[in-house]
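Novice: One structure follows; several queries about it will come next.
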2 protein chains.
Amino acid sequence: MVSRLLLEYDGTAFAGWARQGGQRTVQAEVERALGVVLRRESVSLTVAGRTDAGVHAWGQVASYAGEPARAKSLNALLPYDVAALDCTVAEPGFDARRDATSRAYCYRLLTRPARSAHERHRALHWPHRLDRRLLDACAAAVVGTHDFTAFTPGETNHVRFSRDVLAAFWRRPSADALEFWIEADAFMRHMNRVLVGTMLHVASGKRTLDAFIALLAGRPRAQAGPTAPPHGLYLVGAGYGDERVLGTWEATQREFRPLRPAVASRPGSPGRGTA
Amino acid sequence: MVSRLLLEYDGTAFAGWARQGGQRTVQAEVERALGVVLRRESVSLTVAGRTDAGVHAWGQVASYAGEPARAKSLNALLPYDVAALDCTVAEPGFDARRDATSRAYCYRLLTRPARSAHERHRALHWPHRLDRRLLDACAAAVVGTHDFTAFTPGETNHVRFSRDVLAAFWRRPSADALEFWIEADAFMRHMNRVLVGTMLHVASGKRTLDAFIALLAGRPRAQAGPTAPPHGLYLVGAGYGDERVLGTWEATQREFRPLRPAVASRPGSPGRGTA
């Protein structure tokens with residue numbers, strides 16, 4: 001029997017998803033809790049999207065050989081910064097990594113002048129000038145099949161560097177927040193963070209849109225921009241078979257919501273949080 | 001010269017707003033930072049809404065005698081869990097507490113079965129049955145002028161127990177979140193938290209709507225429900241003169257937004273965070 005587990009975590013205090021001897025990792029915490037609930041010596045998890053230290057997840061999908069555990073029992077054993085949202089029997093042979101046909105991520109920016117007491121490890125504070133039209137043009141260029149060699153560290157061991165981006169767009173959910181949403185068949189190491197870091201360079205005038213577009217044809221890593229920090233990045237979910245996480249841009253516009261009420265960030269009023 | 005300061009804070013690690021010897025308080029932190037920036041021995045803050053330990057603020061308003069400080073300079077000196085959003089010259093004689101004609105608060109609930117890795121100190125986890133119509137009926141009953149003696153600790157020293165509630169409503173910003181918003185001329189100690197605790201009793205069948213309504217006529221504290229925990233409560237802002245923070249319910253419906261993207265909580269899909 002194979003089980004499928006849906007997980008949420010705050011990546012702040014983790015050395016990332018994957019087990020590393022002596023480090024605090026999400027995988028180690030969840031495997032330990034599953035072992036206790038299922039009364040087994042060890043449980044081995046496969047995951048849709050391995051995340052780096054500091055990266056968060058809203059909908060990580062994992063699979064393991066064995067019966068499902070009750071989410072409630074797992075949550076009683078898991079630390080505060082990991083939560084099991086669901087655990088069910090999967091189709092025979094299901095593998096959360098191999099069977100995933102897409103992964104979706106969101107990168108969050110706080111764009112107002114003042115930093116936030118609530119968003120410290122949850123959004124990148126970016127109080128600098130940004131040209132929204134250039135961000136939109138970059139995102140539009142990213143959609144489709146490209147060679148993303150420029151957006152992953154040179155030492156990375158990938159067999160192929162081409163990825164199919166199914167959706168990519170920027171949106172401003174409230175006056176002081178800006179988000180980049182992307183769904184692709186798969187991602188390479190740091191790919192989202194280098195994409196965001198390079199798009200921010202374009203939008204602040206440090207490189208041209210044409211230079212950005214040229215990077216999508218397989219340039220070396222050194223030609224792209226900096227790697228944006230991990231704490232703005234969220235694994236939103238994984239798609240299986242024909243299912244997509246983000247769907248079409250039009251469909252998502254109606255549903256997406258920001259992280260704080262807009263009333264607290266409407267400008268020009270004393271009771272609201274905009275500098 | 002009087003200055004007006006707009007503040008945001010995460011109340012988790014504070015013993016509340018008000019200075020208390022030896023305790024970590026928001027007031028002490030902000031007064032210390034202001035003293036450094038303004039090169040003064042001491043600065044004394046007056047505040048629109050004193051908050052208890054664990055209660056957060058999106059738009060706290062404070063005033064002090066002296067010139068304005070740059071928000072950026074303050075933020076460089078303030079700890080991570082307090083941020084200055086704005087600091088400007090106020091009208092002569094301005095007093096953030098005395099001149100405030102209203103305060104608005106929001107109480108956030110996470111209503112899905114599983115707890116959240118992201119909302120631990122930010123929303124009350126309430127996985128129990130709730131009758132939304134009863135919550136709405138309670139909120140409607142709260143609007144207007146009532147004697148809120150039942151909703152504040154018996155030992156509290158208030159001169160009058162009557163308060164004018166300008167707006168009060170529940171809303172569900174996403175599938176797994178529920179929020180209570182309220183604006184009144186002023187609040188008594190614990191008033192919002194006892195209101196929420198008692199409304200949750202009504203909505204889960206532990207007391208009747210009629211019993212709740214009867215409490216609004218000045219019953220003793222012992223007849224009301226429990227005090228909801230502080231970590232779900234946010235000071236949204238303060239109104240001055242004719243200005244209101246929440247406006248009308250209809251106006252706010254268009255603007256309010258929840259704390260996470262709805263896509264991460266749409267049910268029935270593997271990549272989304274609903275149990």
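Simple scheme: letters A, B, ... for chains in structure tokens order, numbers from 1 for residues in each chain, numbers from 1 for ligands in the order shown.
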At a cut-off of 8 Å, using only C-alpha atoms, what residues contact A:Ile213? Leave out same-chain residues fewer than 6 positions from it and give the result as a list of chain:residue names.

Specialist: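 Once the adjacent positions are removed, what remains is A:Cys138, A:Ala141, A:Val142.
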
Novice: For those residues, write C-alpha atoms to a file as a JSON list (two decimals), in the first residue's frame.

Specialist:
[["chain", "number", "residue", "atom", "x", "y", "z"],
["A", 138, "CYS", "CA", 9.92, 39.12, -17.95],
["A", 141, "ALA", "CA", 8.98, 35.68, -21.62],
["A", 142, "VAL", "CA", 9.51, 32.87, -19.09]]

Novice: For each of B:Arg19, B:Lys206, B:Arg132, B:His118, take the minimum atom-to-atom distance to chain A, counting only C-alpha atoms, then give the residue where this is smallest.

Specialist: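 Among the listed residues, the smallest separation from chain A belongs to B:His118.
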
Novice: Determine, counting only C-alpha atoms, which protein, DNA and RNA residues have an atom within 6 Å of an atom of stretch 49-58 of chain B; residues of the same chain fewer than 6 positions away are not included. Present the result as a ChimeraX atom specification.

Specialist: /A:273 /B:8-12,14-17,230-231,233-236

Novice: Smallest atom-to-atom distance to A:Arg98: which of A:Asn75, A:Ala62, A:Ala203, A:Trp181, using only C-alpha atoms?

Specialist: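 That would be A:Ala62, the residue with the smallest distance to A:Arg98.
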
Novice: So how far away is atom CA of A:Pro229 from atom CA of A:Ala177, in Å?

Specialist: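 Straight-line distance from atom CA of A:Ala177 to atom CA of A:Pro229 works out to 16.4 Å.
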
Novice: Need the shell around B:Glu155: protein/DNA/RNA residues with any atom at most 10 Å away, counting only C-alpha atoms. Skip same-chain ones fewer than 3 positions apart. Format as a PDB file with C-alpha atoms, in the first residue's frame?

Specialist:
ATOM      1  CA  THR B 152     -14.520  42.807  31.063  1.00  0.00           C
ATOM      2  CA  HIS B 158     -13.751  51.698  34.502  1.00  0.00           C
ATOM      3  CA  ARG B 221     -18.649  39.015  34.054  1.00  0.00           C
TER       4      ARG B 221
END

Novice: For stretch 31-40 of chain A, find every residue with an atom within 10 Å (counting only C-alpha atoms), except residues of its own chain fewer than 4 positions away, and show them as number ranges by chain.

Specialist: A: 19, 26-27, 44-45, 64, 66-71, 73-79

Novice: Store the residues picked out above, limited to N, CA and C atoms, as a PDB file, in the first residue's frame.

Specialist:
ATOM      1  N   ARG A  19      16.845  15.131   4.221  1.00  0.00           N
ATOM      2  CA  ARG A  19      17.668  14.622   5.307  1.00  0.00           C
ATOM      3  C   ARG A  19      19.142  14.921   5.102  1.00  0.00           C
ATOM      4  N   VAL A  26      12.950  18.948   7.376  1.00  0.00           N
ATOM      5  CA  VAL A  26      11.525  18.608   7.387  1.00  0.00           C
ATOM      6  C   VAL A  26      11.361  17.099   7.206  1.00  0.00           C
ATOM      7  N   GLN A  27      12.117  16.528   6.264  1.00  0.00           N
ATOM      8  CA  GLN A  27      11.999  15.097   6.006  1.00  0.00           C
ATOM      9  C   GLN A  27      12.251  14.273   7.275  1.00  0.00           C
ATOM     10  N   SER A  44      10.308   5.915   4.800  1.00  0.00           N
ATOM     11  CA  SER A  44      11.098   6.687   3.856  1.00  0.00           C
ATOM     12  C   SER A  44      10.174   7.475   2.930  1.00  0.00           C
ATOM     13  N   LEU A  45      10.333   8.796   2.930  1.00  0.00           N
ATOM     14  CA  LEU A  45       9.445   9.671   2.161  1.00  0.00           C
ATOM     15  C   LEU A  45      10.062  10.075   0.820  1.00  0.00           C
ATOM     16  N   TYR A  64       4.840   7.463   0.663  1.00  0.00           N
ATOM     17  CA  TYR A  64       5.639   6.437   1.340  1.00  0.00           C
ATOM     18  C   TYR A  64       4.914   5.101   1.243  1.00  0.00           C
ATOM     19  N   GLY A  66       3.245   2.156   2.808  1.00  0.00           N
ATOM     20  CA  GLY A  66       2.640   1.892   4.109  1.00  0.00           C
ATOM     21  C   GLY A  66       1.245   2.458   4.176  1.00  0.00           C
ATOM     22  N   GLU A  67       0.578   2.175   5.274  1.00  0.00           N
ATOM     23  CA  GLU A  67      -0.799   2.644   5.449  1.00  0.00           C
ATOM     24  C   GLU A  67      -0.823   4.134   5.805  1.00  0.00           C
ATOM     25  N   PRO A  68      -1.935   4.812   5.543  1.00  0.00           N
ATOM     26  CA  PRO A  68      -2.019   6.232   5.900  1.00  0.00           C
ATOM     27  C   PRO A  68      -2.031   6.413   7.426  1.00  0.00           C
ATOM     28  N   ALA A  69      -1.515   7.537   7.881  1.00  0.00           N
ATOM     29  CA  ALA A  69      -1.583   7.900   9.304  1.00  0.00           C
ATOM     30  C   ALA A  69      -2.658   8.970   9.447  1.00  0.00           C
ATOM     31  N   ARG A  70      -3.227   9.104  10.637  1.00  0.00           N
ATOM     32  CA  ARG A  70      -4.199  10.193  10.841  1.00  0.00           C
ATOM     33  C   ARG A  70      -3.430  11.508  10.936  1.00  0.00           C
ATOM     34  N   ALA A  71      -3.890  12.518  10.176  1.00  0.00           N
ATOM     35  CA  ALA A  71      -3.226  13.827  10.216  1.00  0.00           C
ATOM     36  C   ALA A  71      -3.177  14.350  11.647  1.00  0.00           C
ATOM     37  N   SER A  73      -3.043  12.688  14.474  1.00  0.00           N
ATOM     38  CA  SER A  73      -2.009  12.003  15.261  1.00  0.00           C
ATOM     39  C   SER A  73      -0.627  12.525  14.885  1.00  0.00           C
ATOM     40  N   LEU A  74      -0.403  12.721  13.596  1.00  0.00           N
ATOM     41  CA  LEU A  74       0.890  13.257  13.153  1.00  0.00           C
ATOM     42  C   LEU A  74       1.130  14.645  13.735  1.00  0.00           C
ATOM     43  N   ASN A  75       0.105  15.490  13.695  1.00  0.00           N
ATOM     44  CA  ASN A  75       0.281  16.867  14.168  1.00  0.00           C
ATOM     45  C   ASN A  75       0.567  16.950  15.658  1.00  0.00           C
ATOM     46  N   ALA A  76       0.114  15.935  16.399  1.00  0.00           N
ATOM     47  CA  ALA A  76       0.411  15.907  17.832  1.00  0.00           C
ATOM     48  C   ALA A  76       1.894  15.615  18.057  1.00  0.00           C
ATOM     49  N   LEU A  77       2.541  14.985  17.087  1.00  0.00           N
ATOM     50  CA  LEU A  77       3.945  14.593  17.235  1.00  0.00           C
ATOM     51  C   LEU A  77       4.902  15.499  16.474  1.00  0.00           C
ATOM     52  N   LEU A  78       4.387  16.209  15.469  1.00  0.00           N
ATOM     53  CA  LEU A  78       5.254  17.075  14.659  1.00  0.00           C
ATOM     54  C   LEU A  78       5.550  18.380  15.393  1.00  0.00           C
ATOM     55  N   PRO A  79       6.702  19.009  15.130  1.00  0.00           N
ATOM     56  CA  PRO A  79       6.982  20.313  15.742  1.00  0.00           C
ATOM     57  C   PRO A  79       6.044  21.380  15.182  1.00  0.00           C
TER      58      PRO A  79
END
